[in-house]
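The structure appears right after this line, and notes come after that.
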Amino acid sequence: MPAGLTDVVCLVTGASRGAGRAIAAVLGEAGATVIVTGRSGGGATTEGLPGTVEETAAEVERRGGVGIPVRCDQTDDGEVAALVERLARDHGRLDVLVDNAWGGYEGHGADFVAPFWEQPLERVDRMLATGVRARYVLASLAAPLLIARRDGRPGLVVETIAWAFDEYLGSVPYDTVKAAAARLAFGMARDLRAHRVASVALAPGFMRTERVLAADDVDLTETESPEYLGRAVRALAYDPDVLRWTGRTLTAGELARAYGFTDVDGSQPAPFRIPPGAVR
């Protein structure tokens, strides 16, 4: 992969593991400077799962990029403000923002798909805090840095979501929050277009993340690696005409066909769909 993003400054949130880690690593392959954030770092982890921001930054470096770890809780406005201030001080601009932080699976149990009136309110609060409010706060604070770019390359905001072509995602709070994130990308696209910054929502398929691989009752047949999503983000970051996508909700499979990339095994998984009757 040519190092075509060597002059690009990227911020990837929720990058300790899973999709965020893969996105950061793939951007690093292209030579980008990648600030990776998450709550797991400095000796702290979440839910005992593997992965830290320091390890992700090291992987970015191993692949040829510049990795900068920053431990940050995206639901803490003060920590987010400090993160953006550091970006402004050290880089003066931001070219690519990948808003991937998500704590909505914490406390996941059999009641995750229970009727909405049986869902614990703390789960709803966590999903709204990490999946909507935290993303809005970061995007609003980082927007001036996205607008500050002066090299002629369009900027890019990516909101990672779960989406299945308007199929119900099986849980009212989960479905609502993921739809809200897509709508956030849609609305931000209207305000950012005049500044040549694209804003999209991007959905993977069923990924083989650390959390999924740790489960003992999951069928991995129809899955893709997290790097498939990372390659979708990288393709968007490369594209000088990325504004053609702005405001849209996209899938990794769709972009693989548009840009010609594959998953790590050479396959090209189709855009994710929920099988009929899979959820009520």
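Just remember, in the structure tokens the first chain shown is A, the second B, etc., residues are 1-based per chain, and ligands are 1-based in the order shown.
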
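Residues surrounding Pro173 (chain A) within 10 Å are A:Gly104, A:Phe112, A:Val113, A:Pro115, A:Phe116, A:Gln119, A:Leu121, A:Arg123, A:Val124, A:Asp125, A:Met127, A:Leu128, A:Ala179 [only C-alpha atoms; sequence separation below 6 positions excluded].
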
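With CA of Gly230 (chain A) on one side and CA of Thr130 (chain A) on the other, the separation reads 20.6 Å.
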
Please provide the set of residues having any atom within 9 Å of Asp95 (chain A), restricted to only C-alpha atoms, with same-chain residues fewer than 3 positions apart removed, written as JSON, numbers by chain. {"A": [8, 9, 10, 11, 145, 146, 147, 149, 153, 154, 155, 156, 157, 197, 237]}

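Shortest separation to Gly51 (chain A) among A:Arg133, A:Arg208, A:Arg39, A:Arg89 occurs at residue A:Arg39, atoms counted being only C-alpha atoms.
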
Which residues are close to Glu61 (chain A), i.e. within 12 Å by only C-alpha atoms, leaving aside same-chain residues fewer than 6 positions away? Reply as a list of chain:residue names. A:Ala24, A:Ala25, A:Val26, A:Leu27, A:Gly28, A:Glu29, A:Ala30, A:Gly31, A:Ala32, A:Thr33, A:Val34, A:Ile35, A:Val36, A:Glu54, A:Glu55, A:Gly67, A:Ile68, A:Pro69

Selected residues, N, CA, C and O atoms, written as a PDB file, in the first residue's frame, please.
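Writing done, so here's selection_34.pdb:
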```
ATOM      1  N   ALA A  24      -7.430   2.514  12.779  1.00  0.00           N
ATOM      2  CA  ALA A  24      -6.189   3.234  13.046  1.00  0.00           C
ATOM      3  C   ALA A  24      -5.006   2.545  12.376  1.00  0.00           C
ATOM      4  O   ALA A  24      -4.146   3.197  11.755  1.00  0.00           O
ATOM      5  N   ALA A  25      -4.949   1.218  12.483  1.00  0.00           N
ATOM      6  CA  ALA A  25      -3.826   0.467  11.911  1.00  0.00           C
ATOM      7  C   ALA A  25      -3.782   0.601  10.393  1.00  0.00           C
ATOM      8  O   ALA A  25      -2.708   0.784   9.808  1.00  0.00           O
ATOM      9  N   VAL A  26      -4.926   0.508   9.750  1.00  0.00           N
ATOM     10  CA  VAL A  26      -4.975   0.597   8.287  1.00  0.00           C
ATOM     11  C   VAL A  26      -4.614   2.003   7.817  1.00  0.00           C
ATOM     12  O   VAL A  26      -3.935   2.176   6.799  1.00  0.00           O
ATOM     13  N   LEU A  27      -5.045   3.027   8.538  1.00  0.00           N
ATOM     14  CA  LEU A  27      -4.618   4.384   8.209  1.00  0.00           C
ATOM     15  C   LEU A  27      -3.107   4.522   8.388  1.00  0.00           C
ATOM     16  O   LEU A  27      -2.437   5.209   7.609  1.00  0.00           O
ATOM     17  N   GLY A  28      -2.566   3.853   9.400  1.00  0.00           N
ATOM     18  CA  GLY A  28      -1.127   3.869   9.605  1.00  0.00           C
ATOM     19  C   GLY A  28      -0.373   3.251   8.446  1.00  0.00           C
ATOM     20  O   GLY A  28       0.722   3.710   8.087  1.00  0.00           O
ATOM     21  N   GLU A  29      -0.936   2.211   7.845  1.00  0.00           N
ATOM     22  CA  GLU A  29      -0.303   1.588   6.683  1.00  0.00           C
ATOM     23  C   GLU A  29      -0.091   2.590   5.550  1.00  0.00           C
ATOM     24  O   GLU A  29       0.844   2.460   4.758  1.00  0.00           O
ATOM     25  N   ALA A  30      -0.979   3.570   5.478  1.00  0.00           N
ATOM     26  CA  ALA A  30      -0.886   4.585   4.436  1.00  0.00           C
ATOM     27  C   ALA A  30       0.000   5.753   4.853  1.00  0.00           C
ATOM     28  O   ALA A  30       0.100   6.748   4.135  1.00  0.00           O
ATOM     29  N   GLY A  31       0.628   5.652   6.031  1.00  0.00           N
ATOM     30  CA  GLY A  31       1.563   6.672   6.476  1.00  0.00           C
ATOM     31  C   GLY A  31       0.969   7.805   7.281  1.00  0.00           C
ATOM     32  O   GLY A  31       1.667   8.776   7.590  1.00  0.00           O
ATOM     33  N   ALA A  32      -0.310   7.709   7.632  1.00  0.00           N
ATOM     34  CA  ALA A  32      -0.974   8.801   8.340  1.00  0.00           C
ATOM     35  C   ALA A  32      -0.461   8.954   9.764  1.00  0.00           C
ATOM     36  O   ALA A  32       0.071   8.017  10.376  1.00  0.00           O
ATOM     37  N   THR A  33      -0.616  10.158  10.290  1.00  0.00           N
ATOM     38  CA  THR A  33      -0.459  10.410  11.723  1.00  0.00           C
ATOM     39  C   THR A  33      -1.813  10.146  12.353  1.00  0.00           C
ATOM     40  O   THR A  33      -2.816  10.760  11.978  1.00  0.00           O
ATOM     41  N   VAL A  34      -1.874   9.205  13.290  1.00  0.00           N
ATOM     42  CA  VAL A  34      -3.146   8.769  13.854  1.00  0.00           C
ATOM     43  C   VAL A  34      -3.131   8.956  15.369  1.00  0.00           C
ATOM     44  O   VAL A  34      -2.351   8.306  16.080  1.00  0.00           O
ATOM     45  N   ILE A  35      -3.985   9.845  15.859  1.00  0.00           N
ATOM     46  CA  ILE A  35      -4.199   9.981  17.290  1.00  0.00           C
ATOM     47  C   ILE A  35      -5.255   8.959  17.668  1.00  0.00           C
ATOM     48  O   ILE A  35      -6.372   8.972  17.121  1.00  0.00           O
ATOM     49  N   VAL A  36      -4.918   8.039  18.558  1.00  0.00           N
ATOM     50  CA  VAL A  36      -5.839   6.967  18.935  1.00  0.00           C
ATOM     51  C   VAL A  36      -6.285   7.184  20.376  1.00  0.00           C
ATOM     52  O   VAL A  36      -5.469   7.398  21.265  1.00  0.00           O
ATOM     53  N   GLU A  54      -2.141   2.487  23.862  1.00  0.00           N
ATOM     54  CA  GLU A  54      -0.694   2.395  23.621  1.00  0.00           C
ATOM     55  C   GLU A  54      -0.376   1.269  22.643  1.00  0.00           C
ATOM     56  O   GLU A  54       0.480   1.428  21.756  1.00  0.00           O
ATOM     57  N   GLU A  55      -1.047   0.143  22.796  1.00  0.00           N
ATOM     58  CA  GLU A  55      -0.818  -0.979  21.877  1.00  0.00           C
ATOM     59  C   GLU A  55      -1.274  -0.635  20.464  1.00  0.00           C
ATOM     60  O   GLU A  55      -0.618  -1.002  19.475  1.00  0.00           O
ATOM     61  N   GLY A  67       1.836   6.900  15.350  1.00  0.00           N
ATOM     62  CA  GLY A  67       0.775   6.608  16.297  1.00  0.00           C
ATOM     63  C   GLY A  67       0.928   7.405  17.572  1.00  0.00           C
ATOM     64  O   GLY A  67       2.013   7.417  18.170  1.00  0.00           O
ATOM     65  N   ILE A  68      -0.149   8.071  17.989  1.00  0.00           N
ATOM     66  CA  ILE A  68      -0.118   8.901  19.191  1.00  0.00           C
ATOM     67  C   ILE A  68      -1.252   8.454  20.111  1.00  0.00           C
ATOM     68  O   ILE A  68      -2.427   8.690  19.817  1.00  0.00           O
ATOM     69  N   PRO A  69      -0.939   7.788  21.232  1.00  0.00           N
ATOM     70  CA  PRO A  69      -1.995   7.330  22.131  1.00  0.00           C
ATOM     71  C   PRO A  69      -2.438   8.420  23.096  1.00  0.00           C
ATOM     72  O   PRO A  69      -1.601   9.128  23.661  1.00  0.00           O
TER      73      PRO A  69
END
```

So the first atom is CA of Asn100 (chain A) and the second is CA of Gly20 (chain A); what is the distance between them in Å, to one decimal place? 6.1 Å

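Omitting Val242 (chain A) and its sequence neighbours fewer than 4 positions away, and counting only C-alpha atoms, the residues within 12 Å are Val96, Arg153, Pro154, Gly155, Leu156, Val157, Val158, Ala189, Arg193, Arg196, Val197, Ala198, Ser199, Val200, Ala232, Val233, Arg234, Ala235, Leu236, Ala237, Tyr238, Thr246, Gly247, Arg248, Leu255, Ala258 and Tyr259 of chain A.
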
So which residues touch region 15-18 of chain A within 8 Å, counting only C-alpha atoms, skipping near sequence neighbours fewer than 3 positions away, as a list in words? Val12, Arg21, Ala22, Ile23, Ala24, Val36, Thr37, Gly38, Arg39, Ser40, Gly41, Pro50, Gly51, Thr52, Val53, Glu54, Glu55, Thr56, Asn100, Ala101, Thr209, Glu210, Arg211 and Pro226 of chain A

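Computed from the coordinates, the CA of Gly109 (chain A) to CA of Ile161 (chain A) distance equals 20.4 Å.
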